[in-house]
Each structure stands twice: as C-alpha cells, then as structure tokens.
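**Student:** protein.pdb is reproduced below (PDB, C-alpha atoms and all ligand atoms).
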```
ATOM      1  CA  ALA A1384      79.043 195.974 145.628  1.00  0.00           C
ATOM      2  CA  LEU A1385      76.268 193.555 144.733  1.00  0.00           C
ATOM      3  CA  PRO A1386      73.181 194.397 146.846  1.00  0.00           C
ATOM      4  CA  ALA A1387      72.195 191.794 149.458  1.00  0.00           C
ATOM      5  CA  HIS A1388      68.744 191.315 147.924  1.00  0.00           C
ATOM      6  CA  ILE A1389      70.387 190.084 144.712  1.00  0.00           C
ATOM      7  CA  PHE A1390      72.218 187.417 146.724  1.00  0.00           C
ATOM      8  CA  ARG A1391      68.877 186.401 148.235  1.00  0.00           C
ATOM      9  CA  GLN A1392      67.071 186.321 144.883  1.00  0.00           C
ATOM     10  CA  ALA A1393      69.885 184.309 143.309  1.00  0.00           C
ATOM     11  CA  VAL A1394      69.714 181.708 146.094  1.00  0.00           C
ATOM     12  CA  GLU A1395      65.898 181.677 146.190  1.00  0.00           C
ATOM     13  CA  GLN A1396      65.666 181.115 142.447  1.00  0.00           C
ATOM     14  CA  SER A1397      68.498 178.599 142.095  1.00  0.00           C
ATOM     15  CA  ALA A1398      67.673 175.289 140.434  1.00  0.00           C
ATOM     16  CA  LEU A1399      69.954 173.624 143.001  1.00  0.00           C
ATOM     17  CA  ALA A1400      68.523 172.622 146.370  1.00  0.00           C
ATOM     18  CA  ILE A1401      70.329 175.026 148.725  1.00  0.00           C
ATOM     19  CA  SER A1402      70.351 175.013 152.520  1.00  0.00           C
ATOM     20  CA  ILE A1403      72.266 176.822 155.245  1.00  0.00           C
ATOM     21  CA  THR A1404      72.843 175.058 158.560  1.00  0.00           C
ATOM     22  CA  ASP A1405      74.524 175.717 161.880  1.00  0.00           C
ATOM     23  CA  GLY A1406      77.748 173.920 162.785  1.00  0.00           C
ATOM     24  CA  ASP A1407      75.868 170.701 163.624  1.00  0.00           C
ATOM     25  CA  ALA A1408      73.861 170.554 160.367  1.00  0.00           C
ATOM     26  CA  ASN A1409      70.654 171.881 161.919  1.00  0.00           C
ATOM     27  CA  ILE A1410      68.752 173.567 159.091  1.00  0.00           C
ATOM     28  CA  LEU A1411      68.331 177.340 159.357  1.00  0.00           C
ATOM     29  CA  TYR A1412      67.256 177.997 155.774  1.00  0.00           C
ATOM     30  CA  ALA A1413      66.137 175.967 152.769  1.00  0.00           C
ATOM     31  CA  ASN A1414      65.391 177.450 149.357  1.00  0.00           C
ATOM     32  CA  PRO A1415      62.271 176.630 147.271  1.00  0.00           C
ATOM     33  CA  SER A1416      64.168 174.064 145.166  1.00  0.00           C
ATOM     34  CA  PHE A1417      65.198 172.259 148.390  1.00  0.00           C
ATOM     35  CA  GLN A1418      61.519 172.165 149.387  1.00  0.00           C
ATOM     36  CA  ARG A1419      60.488 170.787 145.977  1.00  0.00           C
ATOM     37  CA  THR A1420      63.292 168.214 145.944  1.00  0.00           C
ATOM     38  CA  SER A1421      62.656 166.922 149.484  1.00  0.00           C
ATOM     39  CA  GLY A1422      58.895 167.376 149.649  1.00  0.00           C
ATOM     40  CA  TYR A1423      59.159 169.214 152.970  1.00  0.00           C
ATOM     41  CA  GLU A1424      57.924 172.760 153.613  1.00  0.00           C
ATOM     42  CA  GLN A1425      60.375 175.360 154.903  1.00  0.00           C
ATOM     43  CA  GLN A1426      58.821 175.324 158.397  1.00  0.00           C
ATOM     44  CA  GLU A1427      59.172 171.515 158.611  1.00  0.00           C
ATOM     45  CA  LEU A1428      62.846 171.742 157.697  1.00  0.00           C
ATOM     46  CA  VAL A1429      63.982 174.636 159.880  1.00  0.00           C
ATOM     47  CA  GLY A1430      65.178 173.360 163.250  1.00  0.00           C
ATOM     48  CA  ASN A1431      65.597 169.800 162.005  1.00  0.00           C
ATOM     49  CA  ASN A1432      68.948 168.203 161.232  1.00  0.00           C
ATOM     50  CA  GLU A1433      69.854 167.460 157.621  1.00  0.00           C
ATOM     51  CA  SER A1434      69.725 163.812 158.688  1.00  0.00           C
ATOM     52  CA  ILE A1435      65.933 164.129 158.235  1.00  0.00           C
ATOM     53  CA  LEU A1436      66.798 163.492 154.570  1.00  0.00           C
ATOM     54  CA  SER A1437      68.748 160.310 155.189  1.00  0.00           C
ATOM     55  CA  TYR A1438      67.309 157.086 153.791  1.00  0.00           C
ATOM     56  CA  ARG A1439      69.500 155.315 156.374  1.00  0.00           C
ATOM     57  CA  VAL A1440      71.359 153.193 153.849  1.00  0.00           C
ATOM     58  CA  THR A1441      74.364 155.416 153.158  1.00  0.00           C
ATOM     59  CA  PRO A1442      77.383 153.776 154.869  1.00  0.00           C
ATOM     60  CA  LYS A1443      78.463 155.471 158.110  1.00  0.00           C
ATOM     61  CA  LEU A1444      81.966 155.804 156.672  1.00  0.00           C
ATOM     62  CA  VAL A1445      80.627 158.218 154.049  1.00  0.00           C
ATOM     63  CA  TYR A1446      79.265 160.503 156.784  1.00  0.00           C
ATOM     64  CA  GLU A1447      82.456 160.187 158.843  1.00  0.00           C
ATOM     65  CA  THR A1448      84.539 161.168 155.819  1.00  0.00           C
ATOM     66  CA  MET A1449      82.182 164.071 155.100  1.00  0.00           C
ATOM     67  CA  TRP A1450      82.381 165.417 158.646  1.00  0.00           C
ATOM     68  CA  ALA A1451      86.160 164.982 158.868  1.00  0.00           C
ATOM     69  CA  GLN A1452      86.513 166.999 155.676  1.00  0.00           C
ATOM     70  CA  ILE A1453      84.130 169.865 156.477  1.00  0.00           C
ATOM     71  CA  LYS A1454      85.436 170.150 160.056  1.00  0.00           C
ATOM     72  CA  ARG A1455      88.823 170.837 158.464  1.00  0.00           C
ATOM     73  CA  GLN A1456      87.117 173.666 156.535  1.00  0.00           C
ATOM     74  CA  ARG A1457      87.356 171.864 153.230  1.00  0.00           C
ATOM     75  CA  PRO A1458      84.435 171.420 150.858  1.00  0.00           C
ATOM     76  CA  TRP A1459      83.012 167.927 150.435  1.00  0.00           C
ATOM     77  CA  ASN A1460      81.204 166.443 147.454  1.00  0.00           C
ATOM     78  CA  GLY A1461      79.548 163.061 147.258  1.00  0.00           C
ATOM     79  CA  LEU A1462      76.465 160.976 146.617  1.00  0.00           C
ATOM     80  CA  LEU A1463      73.940 160.236 149.371  1.00  0.00           C
ATOM     81  CA  VAL A1464      70.793 158.152 149.338  1.00  0.00           C
ATOM     82  CA  ASN A1465      68.050 160.517 150.465  1.00  0.00           C
ATOM     83  CA  ARG A1466      64.430 160.113 151.485  1.00  0.00           C
ATOM     84  CA  ARG A1467      61.637 162.510 150.611  1.00  0.00           C
ATOM     85  CA  LYS A1468      58.795 163.314 152.982  1.00  0.00           C
ATOM     86  CA  ASP A1469      56.574 160.852 151.066  1.00  0.00           C
ATOM     87  CA  GLY A1470      59.109 158.083 151.742  1.00  0.00           C
ATOM     88  CA  SER A1471      60.436 157.871 148.205  1.00  0.00           C
ATOM     89  CA  ARG A1472      64.138 157.534 147.610  1.00  0.00           C
ATOM     90  CA  TYR A1473      66.451 159.721 145.544  1.00  0.00           C
ATOM     91  CA  LEU A1474      70.155 159.940 144.911  1.00  0.00           C
ATOM     92  CA  ALA A1475      71.564 163.314 145.960  1.00  0.00           C
ATOM     93  CA  ASP A1476      74.746 164.771 144.492  1.00  0.00           C
ATOM     94  CA  LEU A1477      75.676 167.030 147.407  1.00  0.00           C
ATOM     95  CA  THR A1478      78.384 169.630 147.901  1.00  0.00           C
ATOM     96  CA  ILE A1479      78.945 171.104 151.361  1.00  0.00           C
ATOM     97  CA  SER A1480      81.004 174.265 151.852  1.00  0.00           C
ATOM     98  CA  PRO A1481      81.979 175.541 155.294  1.00  0.00           C
ATOM     99  CA  VAL A1482      81.131 179.202 155.949  1.00  0.00           C
ATOM    100  CA  VAL A1483      84.075 180.739 157.797  1.00  0.00           C
ATOM    101  CA  ASP A1484      83.960 184.073 159.671  1.00  0.00           C
ATOM    102  CA  GLU A1485      86.643 186.797 159.914  1.00  0.00           C
ATOM    103  CA  ASP A1486      88.198 185.023 162.926  1.00  0.00           C
ATOM    104  CA  GLY A1487      88.633 181.798 160.976  1.00  0.00           C
ATOM    105  CA  ASN A1488      85.846 179.917 162.765  1.00  0.00           C
ATOM    106  CA  THR A1489      83.299 177.786 160.944  1.00  0.00           C
ATOM    107  CA  THR A1490      79.922 179.301 161.769  1.00  0.00           C
ATOM    108  CA  HIS A1491      77.653 177.625 159.211  1.00  0.00           C
ATOM    109  CA  TYR A1492      77.545 175.140 156.379  1.00  0.00           C
ATOM    110  CA  LEU A1493      76.207 175.735 152.894  1.00  0.00           C
ATOM    111  CA  GLY A1494      74.678 172.646 151.301  1.00  0.00           C
ATOM    112  CA  MET A1495      73.847 172.384 147.608  1.00  0.00           C
ATOM    113  CA  HIS A1496      72.384 169.271 146.083  1.00  0.00           C
ATOM    114  CA  ARG A1497      70.449 167.967 143.136  1.00  0.00           C
ATOM    115  CA  ASP A1498      68.532 164.819 142.412  1.00  0.00           C
ATOM    116  CA  VAL A1499      70.715 162.652 140.153  1.00  0.00           C
ATOM    117  CA  THR A1500      68.582 159.492 140.379  1.00  0.00           C
ATOM    118  CA  GLU A1501      68.018 159.507 136.610  1.00  0.00           C
ATOM    119  CA  VAL A1502      71.683 160.052 135.801  1.00  0.00           C
ATOM    120  CA  HIS A1503      72.937 157.009 137.705  1.00  0.00           C
TER     121      HIS A1503
HETATM  122  P1  LIG B   1      74.990 159.669 162.991  1.00  0.00           P
HETATM  123  O1  LIG B   1      75.196 158.326 163.560  1.00  0.00           O
HETATM  124  O2  LIG B   1      74.494 160.797 163.836  1.00  0.00           O
HETATM  125  O3  LIG B   1      76.340 160.184 162.317  1.00  0.00           O
HETATM  126  C1  LIG B   1      77.135 159.369 161.517  1.00  0.00           C
HETATM  127  C2  LIG B   1      78.562 159.824 161.671  1.00  0.00           C
HETATM  128  O4  LIG B   1      78.680 161.172 161.171  1.00  0.00           O
HETATM  129  C3  LIG B   1      79.029 159.913 163.113  1.00  0.00           C
HETATM  130  O5  LIG B   1      79.614 158.717 163.527  1.00  0.00           O
HETATM  131  C4  LIG B   1      80.027 161.046 163.084  1.00  0.00           C
HETATM  132  O6  LIG B   1      81.285 160.552 162.670  1.00  0.00           O
HETATM  133  C5  LIG B   1      79.523 161.960 162.016  1.00  0.00           C
HETATM  134  N1  LIG B   1      78.777 163.120 162.552  1.00  0.00           N
HETATM  135  C6  LIG B   1      77.426 163.254 162.630  1.00  0.00           C
HETATM  136  N2  LIG B   1      77.099 164.459 163.132  1.00  0.00           N
HETATM  137  C7  LIG B   1      78.258 165.096 163.399  1.00  0.00           C
HETATM  138  C8  LIG B   1      78.586 166.373 163.929  1.00  0.00           C
HETATM  139  N3  LIG B   1      77.638 167.267 164.283  1.00  0.00           N
HETATM  140  N4  LIG B   1      79.890 166.699 164.057  1.00  0.00           N
HETATM  141  C9  LIG B   1      80.857 165.811 163.697  1.00  0.00           C
HETATM  142  N5  LIG B   1      80.616 164.585 163.185  1.00  0.00           N
HETATM  143  C10 LIG B   1      79.335 164.230 163.038  1.00  0.00           C
HETATM  144  N6  LIG B   1      72.828 163.752 155.320  1.00  0.00           N
HETATM  145  C11 LIG B   1      72.004 163.082 154.487  1.00  0.00           C
HETATM  146  O7  LIG B   1      71.750 161.895 154.699  1.00  0.00           O
HETATM  147  N7  LIG B   1      71.424 163.703 153.404  1.00  0.00           N
HETATM  148  C12 LIG B   1      71.649 165.018 153.121  1.00  0.00           C
HETATM  149  O8  LIG B   1      71.124 165.537 152.133  1.00  0.00           O
HETATM  150  C13 LIG B   1      72.517 165.745 153.989  1.00  0.00           C
HETATM  151  N8  LIG B   1      72.778 167.052 153.757  1.00  0.00           N
HETATM  152  C14 LIG B   1      73.631 167.717 154.584  1.00  0.00           C
HETATM  153  C15 LIG B   1      73.882 169.071 154.343  1.00  0.00           C
HETATM  154  C16 LIG B   1      74.747 169.791 155.144  1.00  0.00           C
HETATM  155  C17 LIG B   1      75.002 171.254 154.827  1.00  0.00           C
HETATM  156  C18 LIG B   1      75.374 169.142 156.253  1.00  0.00           C
HETATM  157  C19 LIG B   1      76.329 169.921 157.121  1.00  0.00           C
HETATM  158  C20 LIG B   1      75.112 167.804 156.522  1.00  0.00           C
HETATM  159  C21 LIG B   1      74.251 167.066 155.697  1.00  0.00           C
HETATM  160  N9  LIG B   1      73.959 165.726 155.935  1.00  0.00           N
HETATM  161  C22 LIG B   1      73.102 165.055 155.089  1.00  0.00           C
HETATM  162  C23 LIG B   1      74.579 164.988 157.060  1.00  0.00           C
HETATM  163  C24 LIG B   1      73.623 164.892 158.258  1.00  0.00           C
HETATM  164  O9  LIG B   1      73.698 166.072 159.022  1.00  0.00           O
HETATM  165  C25 LIG B   1      73.994 163.695 159.165  1.00  0.00           C
HETATM  166  O10 LIG B   1      75.322 163.792 159.627  1.00  0.00           O
HETATM  167  C26 LIG B   1      73.860 162.369 158.413  1.00  0.00           C
HETATM  168  O11 LIG B   1      72.574 162.291 157.799  1.00  0.00           O
HETATM  169  C27 LIG B   1      74.069 161.161 159.359  1.00  0.00           C
HETATM  170  O12 LIG B   1      73.134 161.261 160.378  1.00  0.00           O
HETATM  171  P2  LIG B   1      72.738 160.006 161.239  1.00  0.00           P
HETATM  172  O13 LIG B   1      71.857 160.484 162.335  1.00  0.00           O
HETATM  173  O14 LIG B   1      72.229 158.935 160.351  1.00  0.00           O
HETATM  174  O15 LIG B   1      74.101 159.409 161.732  1.00  0.00           O
END
```
Rewrite the coordinates I just gave you, this time as structure tokens.
**Tutor:**
Amino acid sequence: ALPAHIFRQAVEQSALAISITDGDANILYANPSFQRTSGYEQQELVGNNESILSYRVTPKLVYETMWAQIKRQRPWNGLLVNRRKDGSRYLADLTISPVVDEDGNTTHYLGMHRDVTEVH
C-alpha cells in the first residue's frame, strides 16, 4: 500500500488549494497552496469556517445548492467569489467531496480550489 507520508506529501505539494473540514465546513487543515491563494496562514484558517473566504456576493442559492448536494454525499463543483485576507477578490473554481466513513456517515469534507480569475 502507498505509505501515509506519501499521501501527505502529495497533498502538501499540490498546486491546488486543498482543505479538509468537519461536517459544518470548519477548517481543520489547509495546504500551503491554500495559504498562498487566500493569503491566510494555517493558524488563522484552522478553526474558522470556510465562509471566511466569502466575498459575500455569491447568491445564497449557490450555497444552498452546494449544501444540498454534499449533504447527499455527492461531490459539488462550482464558481464562488472569494476574498483574500488583504480584501482582494478572486474567482474560485471549487470542488467539494464528502469524506464518508465505513458506516456510511459523512465525517469531513475535502475542498479543492484554484484561482480562475484570469480564465473568466
Ligand atoms: P449562510 O447564510 O451561513 O449560509 C448560506 C446557506 O448555505 C444557508 O441558507 C444554508 O442553506 C447553507 N448552509 C450553510 N452552512 C450550512 C451547514 N453547515 N449545513 C447545511 N447547510 C448550510 N464558501 C465560500 O464562500 N468560499 C469557499 O471557498 C468555500 N469553500 C468551502 C469548502 C468546503 C470544503 C466547504 C464544505 C464549504 C465551503 N464554503 C465556501 C461554504 C461555506 O462554508 C459557507 O457555507 C458559505 O461561505 C456561506 O456562508 P455564509 O455565512 O455567507 O452564509
């Protein structure tokens, strides 16, 4: 089997901004790319909700659709308007995957996003 430290190195070195949250989107882990993309340090992110990244212009319906989907244990992909620590705005292409345990319960969410401001 692939050693656990390879999983960690792969996630740590990913060009995608990767985070792992609890079931309410409270951040438990953010990789270095997430820190570079958002402008926040790891210790500022951990314990905060992912909503810390919201620029507060994404329609509520987008979030409702997202939550309805991931609560049903389906992945969700979409574009969100995000805010960096310095207040600047970026467009995030985000995919959220539920992490499901052996009993079929969602324990965590895996978030992966990249800044697509230039693309759009
Ligand atoms: P709220 O008014 O709190 O929520 C808006 C609507 O979302 C609510 O009416 C409700 O329908 C739904 N909702 C919110 N929280 C929950 C919950 N715990 N359970 C069920 N339904 C809920 N948001 C971003 O703006 N940018 C991101 O980059 C981002 N990344 C995320 C990554 C992951 C892995 C996850 C799980 C979530 C992410 N979110 C992100 C969503 C974020 O957690 C918030 O739900 C979102 O920012 C809206 O927060 P709010 O306080 O503005 O709105």
**Student:** Run the PyMOL selection byres (((not hetatm)) within 10 of (chain B and resi 1)) on the file and write out the hits as a PyMOL selection string.
**Tutor:** chain A and resi 1400-1410+1417+1421+1431-1454+1459+1462-1466+1473-1481+1491-1497
**Student:** Provide the atom CA of A:Arg1472 to atom CA of A:Thr1500 distance in Å, to one decimal place.
**Tutor:** 8.7 Å
**Student:** How far is it from atom CA of A:Leu1428 to atom CA of A:Ala1413, in Å with one decimal?
**Tutor:** 7.3 Å
**Student:** I'd like to know which of A:Gln1426, A:Gln1456, A:Ser1397, A:Ser1416 is closest to A:Asn1488, using all atoms listed in the file.
**Tutor:** A:Gln1456
**Student:** Adding 5 Å on each side of the box along x, y and z that holds all listed atoms of stretch 1460-1468 of chain A, could you give its centre and edge lengths in Å to one decimal, as AutoDock Vina command-line options?
**Tutor:**
```
--center_x 70.0 --center_y 162.3 --center_z 149.8 --size_x 32.4 --size_y 18.3 --size_z 16.4
```
**Student:** For A:Asp1469, which of A:Thr1490, A:Asn1414, A:Thr1420, A:Gln1396 is the closest residue, counting only C-alpha atoms?
**Tutor:**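 Checking each of A:Thr1490, A:Asn1414, A:Thr1420, A:Gln1396 against A:Asp1469, counting only C-alpha atoms, the winner is A:Thr1420.
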**Student:** Please measure the separation of atom CA of A:His1503 and atom CA of A:Val1394, giving the value in Å to one decimal.
**Tutor:** 26.3 Å
**Student:** Tell me which of A:Val1499, A:Val1429, A:Leu1411, A:Ala1387 sits closest to A:Leu1399, counting all atoms listed in the file.
**Tutor:**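 Smallest separation from A:Leu1399 among the options: A:Val1499.
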**Student:** Taking all atoms listed in the file into account, name the residue in A:Pro1415, A:Glu1395, A:Gly1422, A:Pro1458 that is nearest to A:Gly1470.
**Tutor:**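 Ranked by minimum distance to A:Gly1470, first place goes to A:Gly1422.
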**Student:** Let me make sure I understand: among A:Arg1467, A:Arg1455, A:Phe1390, A:Val1502, which one has the smallest atom-to-atom distance to A:Glu1424 if we use only C-alpha atoms?
**Tutor:**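 The shortest atom-to-atom distance to A:Glu1424 comes from A:Arg1467.
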